[in-house]
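J.: One structure is given below, represented as structure tokens, and several questions about it will come after.
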Amino acid sequence: MAKGRRKHVPQRTCIACRRIMPKRALNRIVRSPEGVAYDPTGKAPGRGAYLCNELACWQKALERGALERALKTKLTSEERIALLTVAEQICTVQT
């Protein structure tokens, strides 16, 4: 009987707390030509950055500029507000 190969699980790092987790367990923020937005599918084209399901990580990434560095862009105030709104929805639903 042949042993089956284990399926490869992509790993990503939260840009705020630096924990390494499976890609599916993190939330992707994407920078595209349209701007910066939350990517629920994790497959949108553009430069991406990953955050945990903890509100503290989202706030830390926005306050300290980690998200701007990871995406190599400057966030507008509308984008910041939109991301915080998404963070509050995601973090209250999953915790």
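Quick note on naming: the chains in the structure tokens go A, B, ... in the order shown, residues restart at 1 in each chain, and ligands are numbered from 1 in order of appearance.
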Taking 5 positions as the minimum chain separation for residues in the same chain, which residues sit within 12 Å of range 57-59 of chain A when counting only C-alpha atoms? Answer as a PyMOL selection string.

T.: chain A and resi 13-19+26-29+38+49-52+64-67+80-91

J.: To test your reading of the structure, identify every residue in chain A that backbone DSSP assigns to alpha helix (DSSP H), and report it as a PyMOL selection string.

T.: chain A and resi 55-63+66-71+77-94

J.: With C-alpha atoms kept, could you save the residues just selected as a compact mmCIF listing (two decimals), in the first residue's frame?

T.:
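What landed in part15.txt:
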# COMPACT_ATOMS: atom_id res chain seq x y z
CA LEU A 55 -9.41 43.62 15.80
CA ALA A 56 -6.19 44.60 17.61
CA CYS A 57 -4.10 43.39 14.65
CA TRP A 58 -6.18 45.42 12.19
CA GLN A 59 -5.90 48.55 14.34
CA LYS A 60 -2.17 48.06 14.87
CA ALA A 61 -1.56 47.59 11.13
CA LEU A 62 -3.45 50.77 10.30
CA GLU A 63 -2.02 52.92 13.11
CA ALA A 66 2.38 48.30 8.54
CA LEU A 67 -0.41 47.95 6.00
CA GLU A 68 0.87 50.88 3.95
CA ARG A 69 4.39 49.40 3.95
CA ALA A 70 3.20 45.93 2.99
CA LEU A 71 1.06 47.26 0.14
CA SER A 77 -9.04 58.27 4.86
CA GLU A 78 -11.97 56.58 3.05
CA GLU A 79 -9.94 53.37 2.66
CA ARG A 80 -8.98 53.43 6.35
CA ILE A 81 -12.60 53.86 7.42
CA ALA A 82 -13.75 51.10 5.06
CA LEU A 83 -11.09 48.69 6.36
CA LEU A 84 -11.93 49.42 10.01
CA THR A 85 -15.61 48.84 9.28
CA VAL A 86 -14.80 45.50 7.65
CA ALA A 87 -12.53 44.61 10.57
CA GLU A 88 -15.29 45.27 13.10
CA GLN A 89 -17.70 43.07 11.14
CA ILE A 90 -15.22 40.23 10.64
CA CYS A 91 -13.84 40.22 14.17
CA THR A 92 -17.25 40.29 15.89
CA VAL A 93 -18.62 37.52 13.66
CA GLN A 94 -15.66 35.14 14.08

J.: Based on the backbone DSSP call, show me all residues of chain A assigned strand (DSSP E or B), as a PyMOL selection string.

T.: chain A and resi 11-13+20-22+27-32+35-39+47-51

J.: Please, could you write that set of residues out with C-alpha atoms as an mmCIF file, in the first residue's frame?

T.:
data_model
loop_
_atom_site.group_PDB
_atom_site.id
_atom_site.type_symbol
_atom_site.label_atom_id
_atom_site.label_comp_id
_atom_site.auth_asym_id
_atom_site.auth_seq_id
_atom_site.Cartn_x
_atom_site.Cartn_y
_atom_site.Cartn_z
ATOM 1 C CA GLN A 11 1.317 29.652 4.900
ATOM 2 C CA ARG A 12 1.141 33.432 5.305
ATOM 3 C CA THR A 13 2.221 35.875 8.014
ATOM 4 C CA ILE A 20 2.422 32.370 10.642
ATOM 5 C CA MET A 21 -0.881 30.650 9.859
ATOM 6 C CA PRO A 22 -2.578 28.853 6.971
ATOM 7 C CA ASN A 27 -7.841 37.975 5.841
ATOM 8 C CA ARG A 28 -6.343 39.439 2.665
ATOM 9 C CA ILE A 29 -6.184 43.145 1.935
ATOM 10 C CA VAL A 30 -5.387 43.897 -1.707
ATOM 11 C CA ARG A 31 -4.005 46.918 -3.531
ATOM 12 C CA SER A 32 -5.326 47.083 -7.071
ATOM 13 C CA GLY A 35 -7.536 51.194 -4.648
ATOM 14 C CA VAL A 36 -7.089 49.265 -1.400
ATOM 15 C CA ALA A 37 -9.868 46.917 -0.334
ATOM 16 C CA TYR A 38 -10.700 43.770 1.628
ATOM 17 C CA ASP A 39 -10.502 40.618 -0.517
ATOM 18 C CA ARG A 47 -0.528 43.158 -4.201
ATOM 19 C CA GLY A 48 -1.814 41.556 -1.016
ATOM 20 C CA ALA A 49 -1.212 41.692 2.716
ATOM 21 C CA TYR A 50 -2.644 39.408 5.400
ATOM 22 C CA LEU A 51 -4.177 40.127 8.804
#

J.: Between CA of Gly42 in chain A and CA of Glu54 in chain A, what is the spacing in Å?

T.: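 Separation between CA of Glu54 in chain A and CA of Gly42 in chain A: 17.6 Å.
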
J.: Find the residues near Pro33 in chain A: any atom within 12 Å, counting only C-alpha atoms, skip ones fewer than 6 places away on the same chain, and give them as a short mmCIF file (atom, residue, chain, number, x, y, z; two decimals) with C-alpha atoms, in the first residue's frame.

T.:
data_model
loop_
_atom_site.label_atom_id
_atom_site.label_comp_id
_atom_site.auth_asym_id
_atom_site.auth_seq_id
_atom_site.Cartn_x
_atom_site.Cartn_y
_atom_site.Cartn_z
CA ALA A 44 -8.23 39.12 -6.40
CA PRO A 45 -5.40 40.40 -8.62
CA GLY A 46 -3.02 42.88 -7.02
CA ARG A 47 -0.53 43.16 -4.20
CA THR A 73 0.98 52.64 -1.03
#

J.: Quick one: pull the distance between CA of Lys23 in chain A and CA of Asn53 in chain A, Å, one decimal.

T.: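 CA of Lys23 in chain A sits 12.1 Å away from CA of Asn53 in chain A.
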